[in-house]
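A.B. asks: File protein_29.cif follows (mmCIF, N, CA and C atoms):
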```cif
data_my_file
loop_
_atom_site.label_atom_id
_atom_site.label_comp_id
_atom_site.auth_asym_id
_atom_site.auth_seq_id
_atom_site.Cartn_x
_atom_site.Cartn_y
_atom_site.Cartn_z
N MET S 1 180.85 55.56 -75.93
CA MET S 1 181.91 55.31 -76.87
C MET S 1 183.01 56.35 -76.72
N THR S 2 182.63 57.57 -76.43
CA THR S 2 183.62 58.62 -76.24
C THR S 2 184.51 58.30 -75.04
N ASP S 3 183.90 57.80 -73.96
CA ASP S 3 184.68 57.43 -72.77
C ASP S 3 185.66 56.31 -73.07
N ALA S 4 185.36 55.47 -74.06
CA ALA S 4 186.25 54.37 -74.43
C ALA S 4 187.31 54.82 -75.44
N GLY S 5 187.28 56.10 -75.83
CA GLY S 5 188.28 56.62 -76.76
C GLY S 5 187.88 56.54 -78.22
N LEU S 6 186.59 56.27 -78.48
CA LEU S 6 186.10 56.18 -79.85
C LEU S 6 185.28 57.43 -80.15
N ASP S 7 185.84 58.33 -80.91
CA ASP S 7 185.17 59.58 -81.23
C ASP S 7 184.65 59.51 -82.66
N VAL S 8 183.35 59.22 -82.79
CA VAL S 8 182.73 59.07 -84.11
C VAL S 8 181.51 59.97 -84.21
N SER S 9 181.11 60.23 -85.42
CA SER S 9 179.90 61.03 -85.67
C SER S 9 178.68 60.12 -85.56
N TRP S 10 177.64 60.64 -84.93
CA TRP S 10 176.41 59.90 -84.78
C TRP S 10 175.33 60.42 -85.73
N GLN S 11 175.74 61.08 -86.78
CA GLN S 11 174.80 61.59 -87.78
C GLN S 11 174.36 60.41 -88.65
N MET S 12 173.07 60.06 -88.56
CA MET S 12 172.56 58.92 -89.32
C MET S 12 171.07 59.07 -89.56
N THR S 13 170.52 58.17 -90.34
CA THR S 13 169.11 58.23 -90.69
C THR S 13 168.24 57.75 -89.53
N ALA S 14 166.95 58.03 -89.63
CA ALA S 14 166.00 57.60 -88.60
C ALA S 14 165.97 56.07 -88.49
N ASP S 15 166.05 55.37 -89.62
CA ASP S 15 166.06 53.90 -89.60
C ASP S 15 167.28 53.38 -88.86
N ASP S 16 168.44 54.01 -89.08
CA ASP S 16 169.65 53.59 -88.37
C ASP S 16 169.50 53.83 -86.87
N TRP S 17 168.89 54.95 -86.49
CA TRP S 17 168.68 55.24 -85.07
C TRP S 17 167.77 54.20 -84.43
N GLN S 18 166.75 53.77 -85.16
CA GLN S 18 165.86 52.74 -84.62
C GLN S 18 166.60 51.41 -84.49
N SER S 19 167.47 51.12 -85.43
CA SER S 19 168.28 49.90 -85.33
C SER S 19 169.18 49.97 -84.10
N ILE S 20 169.79 51.13 -83.88
CA ILE S 20 170.66 51.32 -82.71
C ILE S 20 169.85 51.10 -81.42
N ALA S 21 168.64 51.65 -81.37
CA ALA S 21 167.81 51.50 -80.17
C ALA S 21 167.48 50.03 -79.91
N ARG S 22 167.19 49.28 -80.96
CA ARG S 22 166.89 47.84 -80.79
C ARG S 22 168.13 47.09 -80.32
N ILE S 23 169.28 47.45 -80.83
CA ILE S 23 170.52 46.77 -80.43
C ILE S 23 170.85 47.08 -78.97
N VAL S 24 170.65 48.33 -78.56
CA VAL S 24 170.90 48.70 -77.16
C VAL S 24 170.00 47.87 -76.25
N GLN S 25 168.74 47.71 -76.61
CA GLN S 25 167.83 46.92 -75.78
C GLN S 25 168.20 45.45 -75.79
N ARG S 26 168.60 44.93 -76.96
CA ARG S 26 168.89 43.51 -77.09
C ARG S 26 170.25 43.12 -76.52
N ALA S 27 171.29 43.86 -76.89
CA ALA S 27 172.66 43.46 -76.54
C ALA S 27 173.27 44.33 -75.45
N GLY S 28 172.90 45.58 -75.37
CA GLY S 28 173.44 46.48 -74.36
C GLY S 28 174.60 47.32 -74.87
N VAL S 29 174.77 48.46 -74.25
CA VAL S 29 175.80 49.42 -74.66
C VAL S 29 177.20 48.84 -74.45
N GLU S 30 177.40 48.13 -73.34
CA GLU S 30 178.74 47.61 -73.06
C GLU S 30 179.22 46.66 -74.15
N ARG S 31 178.33 45.80 -74.66
CA ARG S 31 178.71 44.88 -75.73
C ARG S 31 178.97 45.63 -77.02
N MET S 32 178.22 46.70 -77.26
CA MET S 32 178.44 47.49 -78.47
C MET S 32 179.82 48.15 -78.43
N VAL S 33 180.17 48.71 -77.28
CA VAL S 33 181.47 49.36 -77.13
C VAL S 33 182.59 48.34 -77.23
N LYS S 34 182.39 47.19 -76.62
CA LYS S 34 183.40 46.13 -76.68
C LYS S 34 183.64 45.70 -78.12
N PHE S 35 182.56 45.57 -78.90
CA PHE S 35 182.71 45.23 -80.31
C PHE S 35 183.47 46.31 -81.05
N ALA S 36 183.11 47.56 -80.80
CA ALA S 36 183.76 48.67 -81.51
C ALA S 36 185.25 48.74 -81.17
N LEU S 37 185.60 48.50 -79.91
CA LEU S 37 187.01 48.52 -79.52
C LEU S 37 187.78 47.37 -80.16
N GLY S 38 187.11 46.24 -80.39
CA GLY S 38 187.77 45.09 -80.99
C GLY S 38 187.83 45.11 -82.50
N ALA S 39 187.09 46.03 -83.13
CA ALA S 39 187.10 46.11 -84.59
C ALA S 39 188.47 46.60 -85.07
N LYS S 40 188.90 46.05 -86.18
CA LYS S 40 190.20 46.43 -86.76
C LYS S 40 189.98 47.01 -88.16
N PRO S 41 189.45 48.24 -88.23
CA PRO S 41 189.20 48.83 -89.55
C PRO S 41 190.52 49.20 -90.25
N ARG S 42 190.48 49.19 -91.57
CA ARG S 42 191.67 49.54 -92.36
C ARG S 42 191.95 51.03 -92.34
N THR S 43 190.89 51.81 -92.22
CA THR S 43 191.04 53.27 -92.16
C THR S 43 190.33 53.77 -90.90
N PRO S 44 190.67 54.95 -90.44
CA PRO S 44 189.99 55.48 -89.24
C PRO S 44 188.47 55.56 -89.44
N VAL S 45 187.74 55.21 -88.41
CA VAL S 45 186.27 55.22 -88.46
C VAL S 45 185.79 56.61 -88.10
N ARG S 46 184.94 57.19 -88.95
CA ARG S 46 184.44 58.53 -88.71
C ARG S 46 182.97 58.55 -88.32
N PHE S 47 182.24 57.48 -88.67
CA PHE S 47 180.80 57.46 -88.41
C PHE S 47 180.41 56.18 -87.68
N ALA S 48 179.47 56.30 -86.74
CA ALA S 48 179.00 55.14 -85.97
C ALA S 48 178.30 54.13 -86.86
N THR S 49 177.81 54.55 -88.01
CA THR S 49 177.14 53.62 -88.92
C THR S 49 178.11 52.53 -89.40
N PHE S 50 179.41 52.79 -89.36
CA PHE S 50 180.39 51.74 -89.72
C PHE S 50 180.20 50.54 -88.79
N TYR S 51 180.13 50.78 -87.49
CA TYR S 51 179.98 49.69 -86.53
C TYR S 51 178.61 49.03 -86.65
N LEU S 52 177.59 49.84 -86.96
CA LEU S 52 176.25 49.31 -87.14
C LEU S 52 176.25 48.27 -88.25
N LYS S 53 176.85 48.61 -89.38
CA LYS S 53 176.86 47.71 -90.52
C LYS S 53 177.93 46.62 -90.40
N ALA S 54 178.97 46.87 -89.62
CA ALA S 54 180.08 45.92 -89.51
C ALA S 54 179.82 44.82 -88.49
N GLY S 55 178.81 44.95 -87.66
CA GLY S 55 178.61 43.86 -86.72
C GLY S 55 177.63 44.09 -85.60
N TRP S 56 177.29 45.33 -85.27
CA TRP S 56 176.36 45.55 -84.18
C TRP S 56 175.03 44.84 -84.43
N LEU S 57 174.60 44.79 -85.69
CA LEU S 57 173.32 44.15 -86.00
C LEU S 57 173.35 42.66 -85.65
N GLY S 58 174.52 42.06 -85.64
CA GLY S 58 174.63 40.64 -85.37
C GLY S 58 174.99 40.29 -83.94
N LEU S 59 175.06 41.28 -83.05
CA LEU S 59 175.41 40.98 -81.66
C LEU S 59 174.33 40.11 -81.02
N ALA S 60 174.78 39.14 -80.25
CA ALA S 60 173.85 38.25 -79.57
C ALA S 60 173.14 38.98 -78.43
N PRO S 61 171.96 38.53 -78.05
CA PRO S 61 171.24 39.17 -76.94
C PRO S 61 171.99 39.01 -75.62
N LYS S 62 171.72 39.93 -74.70
CA LYS S 62 172.29 39.84 -73.35
C LYS S 62 171.80 38.55 -72.71
N SER S 63 172.61 38.02 -71.83
CA SER S 63 172.21 36.84 -71.09
C SER S 63 171.16 37.22 -70.06
N THR S 64 170.17 36.36 -69.92
CA THR S 64 169.14 36.63 -68.91
C THR S 64 169.48 35.93 -67.60
N LYS S 65 170.53 35.09 -67.62
CA LYS S 65 170.95 34.41 -66.39
C LYS S 65 171.70 35.39 -65.50
N PRO S 66 171.42 35.39 -64.22
CA PRO S 66 172.17 36.27 -63.33
C PRO S 66 173.62 35.80 -63.22
N ARG S 67 174.51 36.74 -62.99
CA ARG S 67 175.91 36.39 -62.82
C ARG S 67 176.06 35.55 -61.56
N PRO S 68 176.96 34.56 -61.60
CA PRO S 68 177.12 33.73 -60.41
C PRO S 68 177.67 34.54 -59.25
N SER S 69 177.11 34.30 -58.09
CA SER S 69 177.60 35.00 -56.91
C SER S 69 178.76 34.21 -56.34
N GLN S 70 179.45 34.78 -55.38
CA GLN S 70 180.56 34.08 -54.75
C GLN S 70 180.08 32.83 -54.04
N ARG S 71 178.85 32.84 -53.57
CA ARG S 71 178.33 31.65 -52.89
C ARG S 71 178.20 30.49 -53.86
N ASP S 72 178.00 30.77 -55.16
CA ASP S 72 177.88 29.71 -56.15
C ASP S 72 179.24 29.16 -56.56
N ASP S 73 180.31 29.87 -56.28
CA ASP S 73 181.65 29.45 -56.65
C ASP S 73 182.18 28.47 -55.60
N PRO S 74 182.47 27.23 -56.00
CA PRO S 74 182.95 26.27 -55.01
C PRO S 74 184.31 26.64 -54.42
N ARG S 75 185.05 27.53 -55.10
CA ARG S 75 186.36 27.94 -54.59
C ARG S 75 186.29 29.17 -53.71
N ALA S 76 185.10 29.68 -53.42
CA ALA S 76 184.98 30.91 -52.65
C ALA S 76 185.55 30.77 -51.24
N ASP S 77 185.50 29.57 -50.68
CA ASP S 77 185.99 29.39 -49.32
C ASP S 77 187.44 28.87 -49.28
N TRP S 78 188.09 28.81 -50.44
CA TRP S 78 189.49 28.39 -50.49
C TRP S 78 190.38 29.44 -49.86
N PRO S 79 191.52 29.03 -49.31
CA PRO S 79 192.47 30.03 -48.80
C PRO S 79 193.02 30.86 -49.96
N THR S 80 193.58 32.01 -49.65
CA THR S 80 194.12 32.85 -50.72
C THR S 80 195.30 32.17 -51.39
N TRP S 81 195.50 32.47 -52.66
CA TRP S 81 196.58 31.86 -53.46
C TRP S 81 197.93 32.30 -52.91
N CYS S 82 198.87 31.36 -52.84
CA CYS S 82 200.18 31.64 -52.26
C CYS S 82 201.10 32.43 -53.20
N LYS S 83 200.75 32.54 -54.47
CA LYS S 83 201.50 33.30 -55.48
C LYS S 83 202.89 32.71 -55.75
N ASP S 84 203.10 31.47 -55.38
CA ASP S 84 204.36 30.80 -55.69
C ASP S 84 204.39 30.55 -57.20
N PRO S 85 205.52 30.78 -57.87
CA PRO S 85 205.57 30.60 -59.33
C PRO S 85 205.30 29.15 -59.77
N GLU S 86 205.51 28.19 -58.90
CA GLU S 86 205.26 26.79 -59.24
C GLU S 86 203.82 26.37 -58.97
N CYS S 87 203.04 27.22 -58.32
CA CYS S 87 201.66 26.90 -57.95
C CYS S 87 200.70 27.44 -59.01
N ASP S 88 199.78 26.60 -59.47
CA ASP S 88 198.78 27.02 -60.43
C ASP S 88 197.67 27.77 -59.69
N GLU S 89 197.39 28.99 -60.13
CA GLU S 89 196.42 29.84 -59.44
C GLU S 89 195.00 29.28 -59.48
N VAL S 90 194.64 28.59 -60.55
CA VAL S 90 193.27 28.11 -60.70
C VAL S 90 192.98 26.88 -59.85
N ASP S 91 193.80 25.84 -60.00
CA ASP S 91 193.49 24.61 -59.26
C ASP S 91 194.39 24.37 -58.06
N ARG S 92 195.30 25.30 -57.79
CA ARG S 92 196.17 25.27 -56.60
C ARG S 92 196.96 23.96 -56.52
N THR S 93 197.59 23.58 -57.63
CA THR S 93 198.43 22.39 -57.66
C THR S 93 199.82 22.76 -58.13
N ARG S 94 200.77 21.87 -57.82
CA ARG S 94 202.16 22.04 -58.26
C ARG S 94 202.57 20.79 -59.02
N GLN S 95 203.36 20.99 -60.07
CA GLN S 95 203.86 19.86 -60.84
C GLN S 95 205.21 19.45 -60.24
N THR S 96 205.35 18.17 -59.91
CA THR S 96 206.59 17.68 -59.33
C THR S 96 207.16 16.58 -60.21
N GLU S 97 208.45 16.32 -60.05
CA GLU S 97 209.11 15.27 -60.82
C GLU S 97 209.84 14.36 -59.84
N ASN S 98 209.64 13.03 -59.99
CA ASN S 98 210.31 12.10 -59.07
C ASN S 98 211.70 11.75 -59.60
N ALA S 99 212.40 10.87 -58.91
CA ALA S 99 213.77 10.51 -59.26
C ALA S 99 213.85 9.84 -60.63
N ASN S 100 212.78 9.19 -61.08
CA ASN S 100 212.77 8.53 -62.39
C ASN S 100 212.41 9.48 -63.52
N GLY S 101 212.18 10.74 -63.21
CA GLY S 101 211.82 11.72 -64.23
C GLY S 101 210.34 11.76 -64.56
N LEU S 102 209.52 11.04 -63.81
CA LEU S 102 208.08 11.04 -64.05
C LEU S 102 207.45 12.25 -63.35
N ARG S 103 206.60 12.95 -64.09
CA ARG S 103 205.95 14.14 -63.53
C ARG S 103 204.59 13.79 -62.98
N SER S 104 204.22 14.46 -61.91
CA SER S 104 202.89 14.30 -61.34
C SER S 104 202.43 15.64 -60.79
N VAL S 105 201.14 15.75 -60.62
CA VAL S 105 200.55 16.98 -60.09
C VAL S 105 200.10 16.70 -58.67
N ARG S 106 200.48 17.57 -57.77
CA ARG S 106 200.15 17.41 -56.35
C ARG S 106 199.51 18.69 -55.84
N PRO S 107 198.63 18.58 -54.84
CA PRO S 107 198.04 19.79 -54.25
C PRO S 107 199.13 20.66 -53.63
N CYS S 108 198.98 21.97 -53.77
CA CYS S 108 199.94 22.90 -53.18
C CYS S 108 199.85 22.81 -51.65
N PRO S 109 200.98 22.61 -50.97
CA PRO S 109 200.92 22.52 -49.51
C PRO S 109 200.61 23.85 -48.84
N GLU S 110 200.74 24.94 -49.58
CA GLU S 110 200.51 26.28 -49.00
C GLU S 110 199.06 26.73 -49.13
N CYS S 111 198.44 26.49 -50.31
CA CYS S 111 197.13 27.13 -50.52
C CYS S 111 196.03 26.21 -51.05
N HIS S 112 196.29 24.93 -51.26
CA HIS S 112 195.23 24.02 -51.72
C HIS S 112 194.25 23.79 -50.57
N PRO S 113 192.95 23.72 -50.85
CA PRO S 113 191.97 23.56 -49.76
C PRO S 113 192.11 22.25 -48.99
N SER S 114 192.83 21.27 -49.53
CA SER S 114 192.98 20.00 -48.82
C SER S 114 194.19 19.99 -47.89
N ARG S 115 194.89 21.12 -47.77
CA ARG S 115 196.08 21.12 -46.91
C ARG S 115 195.69 20.74 -45.48
N LYS S 116 196.65 20.20 -44.75
CA LYS S 116 196.37 19.62 -43.44
C LYS S 116 196.05 20.64 -42.36
N ASP S 117 196.61 21.85 -42.45
CA ASP S 117 196.44 22.83 -41.38
C ASP S 117 195.27 23.78 -41.59
N LYS S 118 194.20 23.29 -42.24
CA LYS S 118 193.04 24.16 -42.48
C LYS S 118 192.44 24.63 -41.16
N ALA S 119 191.99 25.87 -41.17
CA ALA S 119 191.33 26.39 -39.97
C ALA S 119 189.94 25.77 -39.87
N ALA S 120 189.47 25.63 -38.67
CA ALA S 120 188.16 25.01 -38.46
C ALA S 120 187.04 25.96 -38.76
#
```
Kindly present the structure from the file in structure tokens form.

C.D. replies:
Amino acid sequence: MTDAGLDVSWQMTADDWQSIARIVQRAGVERMVKFALGAKPRTPVRFATFYLKAGWLGLAPKSTKPRPSQRDDPRADWPTWCKDPECDEVDRTRQTENANGLRSVRPCPECHPSRKDKAA
């Protein structure tokens, strides 16, 4: 918490320390710090027990699923994004307008995986 810029006192009862230990095992330190950074207290927080009572007890357990690897990402083999302001970074499409004013979405000719000049 200190590394995240939260300087609070950790003076608390034995029961509070046991609650903290259970939360660390269940949710993890990173989630606790993330919660503390997102809290919007009305007055400066001086004691860690504020976060304990304000929400740490309700943090959901850590996920047991492993993080997806790049091999699991279907876009891992896509060419790099062209960074054109008209190109959508996520799906690599561009919005175009025809002579009648009708808009349509088309694959980016620079970086969409369906482009014609793909390397073999």

A.B. asks: Return as a list in words the full set of residues in chain S whose backbone-based DSSP assignment is strand (DSSP E).

C.D. replies: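 So, restricting chain S to strand (DSSP E), we get Thr93, Arg94, Gln95, Thr96, Glu97, Arg103, Ser104, Val105, Arg106 and Pro107 of chain S.
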
A.B. asks: I need the residue set behind the PyMOL selection byres (((chain S and resi 87 and name CA) around 10) and name CA) for this file; please write it as number ranges by chain.

C.D. replies: S: 81-86, 88-95, 106-112

A.B. asks: Taking into account all atoms listed in the file, which residue in the set S:Ala4, S:Leu102, S:Trp78, S:Ser114 is nearest to Leu37 in chain S?

C.D. replies: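 Between S:Ala4, S:Leu102, S:Trp78, S:Ser114, the residue approaching Leu37 in chain S most closely is S:Ala4.
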
A.B. asks: To box range 9-13 of chain S, take all atoms listed in the file, fit an axis-aligned box, add 4 Å on each side, and give centre and edge lengths in Å to one decimal, as lines of an AutoDock Vina configuration file.

C.D. replies:
```
center_x = 174.7
center_y = 59.7
center_z = -87.7
size_x = 20.9
size_y = 11.8
size_z = 13.9
```

A.B. asks: Can you list, as a ChimeraX atom specification, every protein, DNA or RNA residue that comes within 12 Å of Asp15 in chain S when you count only C-alpha atoms, leaving out same-chain residues fewer than 6 positions away?

C.D. replies: /S:21-22,49,52

A.B. asks: Do you have the atom C of Lys53 in chain S-atom N of Gly5 in chain S distance handy?

C.D. replies: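 Atom N of Gly5 in chain S lies 19.7 Å from atom C of Lys53 in chain S.
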
A.B. asks: Could you work out how far CA of Arg46 in chain S lies from CA of Gln25 in chain S, giving the answer in Å with one decimal?

C.D. replies: 24.0 Å

A.B. asks: Quick one: pull the distance between CA of Pro79 in chain S and atom N of Val105 in chain S, Å, one decimal.

C.D. replies: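 These atoms are spaced 20.5 Å apart.
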
A.B. asks: Report as a PyMOL selection string the full result of the PyMOL selection byres (((chain S and resi 27 and name CA) around 10) and name CA) when it is applied to this structure.

C.D. replies: chain S and resi 22-26+28-32+56-63

A.B. asks: Store the residues of this selection in a file with N, CA and C atoms, as a PDB file, in the coordinates of the input.

C.D. replies:
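result.pdb written:
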```pdb
ATOM      1  N   ARG S  22     167.190  49.280 -80.960  1.00  0.00           N
ATOM      2  CA  ARG S  22     166.890  47.840 -80.790  1.00  0.00           C
ATOM      3  C   ARG S  22     168.130  47.090 -80.320  1.00  0.00           C
ATOM      4  N   ILE S  23     169.280  47.450 -80.830  1.00  0.00           N
ATOM      5  CA  ILE S  23     170.520  46.770 -80.430  1.00  0.00           C
ATOM      6  C   ILE S  23     170.850  47.080 -78.970  1.00  0.00           C
ATOM      7  N   VAL S  24     170.650  48.330 -78.560  1.00  0.00           N
ATOM      8  CA  VAL S  24     170.900  48.700 -77.160  1.00  0.00           C
ATOM      9  C   VAL S  24     170.000  47.870 -76.250  1.00  0.00           C
ATOM     10  N   GLN S  25     168.740  47.710 -76.610  1.00  0.00           N
ATOM     11  CA  GLN S  25     167.830  46.920 -75.780  1.00  0.00           C
ATOM     12  C   GLN S  25     168.200  45.450 -75.790  1.00  0.00           C
ATOM     13  N   ARG S  26     168.600  44.930 -76.960  1.00  0.00           N
ATOM     14  CA  ARG S  26     168.890  43.510 -77.090  1.00  0.00           C
ATOM     15  C   ARG S  26     170.250  43.120 -76.520  1.00  0.00           C
ATOM     16  N   GLY S  28     172.900  45.580 -75.370  1.00  0.00           N
ATOM     17  CA  GLY S  28     173.440  46.480 -74.360  1.00  0.00           C
ATOM     18  C   GLY S  28     174.600  47.320 -74.870  1.00  0.00           C
ATOM     19  N   VAL S  29     174.770  48.460 -74.250  1.00  0.00           N
ATOM     20  CA  VAL S  29     175.800  49.420 -74.660  1.00  0.00           C
ATOM     21  C   VAL S  29     177.200  48.840 -74.450  1.00  0.00           C
ATOM     22  N   GLU S  30     177.400  48.130 -73.340  1.00  0.00           N
ATOM     23  CA  GLU S  30     178.740  47.610 -73.060  1.00  0.00           C
ATOM     24  C   GLU S  30     179.220  46.660 -74.150  1.00  0.00           C
ATOM     25  N   ARG S  31     178.330  45.800 -74.660  1.00  0.00           N
ATOM     26  CA  ARG S  31     178.710  44.880 -75.730  1.00  0.00           C
ATOM     27  C   ARG S  31     178.970  45.630 -77.020  1.00  0.00           C
ATOM     28  N   MET S  32     178.220  46.700 -77.260  1.00  0.00           N
ATOM     29  CA  MET S  32     178.440  47.490 -78.470  1.00  0.00           C
ATOM     30  C   MET S  32     179.820  48.150 -78.430  1.00  0.00           C
ATOM     31  N   TRP S  56     177.290  45.330 -85.270  1.00  0.00           N
ATOM     32  CA  TRP S  56     176.360  45.550 -84.180  1.00  0.00           C
ATOM     33  C   TRP S  56     175.030  44.840 -84.430  1.00  0.00           C
ATOM     34  N   LEU S  57     174.600  44.790 -85.690  1.00  0.00           N
ATOM     35  CA  LEU S  57     173.320  44.150 -86.000  1.00  0.00           C
ATOM     36  C   LEU S  57     173.350  42.660 -85.650  1.00  0.00           C
ATOM     37  N   GLY S  58     174.520  42.060 -85.640  1.00  0.00           N
ATOM     38  CA  GLY S  58     174.630  40.640 -85.370  1.00  0.00           C
ATOM     39  C   GLY S  58     174.990  40.290 -83.940  1.00  0.00           C
ATOM     40  N   LEU S  59     175.060  41.280 -83.050  1.00  0.00           N
ATOM     41  CA  LEU S  59     175.410  40.980 -81.660  1.00  0.00           C
ATOM     42  C   LEU S  59     174.330  40.110 -81.020  1.00  0.00           C
ATOM     43  N   ALA S  60     174.780  39.140 -80.250  1.00  0.00           N
ATOM     44  CA  ALA S  60     173.850  38.250 -79.570  1.00  0.00           C
ATOM     45  C   ALA S  60     173.140  38.980 -78.430  1.00  0.00           C
ATOM     46  N   PRO S  61     171.960  38.530 -78.050  1.00  0.00           N
ATOM     47  CA  PRO S  61     171.240  39.170 -76.940  1.00  0.00           C
ATOM     48  C   PRO S  61     171.990  39.010 -75.620  1.00  0.00           C
ATOM     49  N   LYS S  62     171.720  39.930 -74.700  1.00  0.00           N
ATOM     50  CA  LYS S  62     172.290  39.840 -73.350  1.00  0.00           C
ATOM     51  C   LYS S  62     171.800  38.550 -72.710  1.00  0.00           C
ATOM     52  N   SER S  63     172.610  38.020 -71.830  1.00  0.00           N
ATOM     53  CA  SER S  63     172.210  36.840 -71.090  1.00  0.00           C
ATOM     54  C   SER S  63     171.160  37.220 -70.060  1.00  0.00           C
TER      55      SER S  63
END
```

A.B. asks: Which residues, written as a PyMOL selection string, have at least one atom at most 8 Å from Phe47 in chain S, with all atoms listed in the file counted and residues fewer than 3 positions away on the same chain left out?

C.D. replies: chain S and resi 7-11+44+50-52
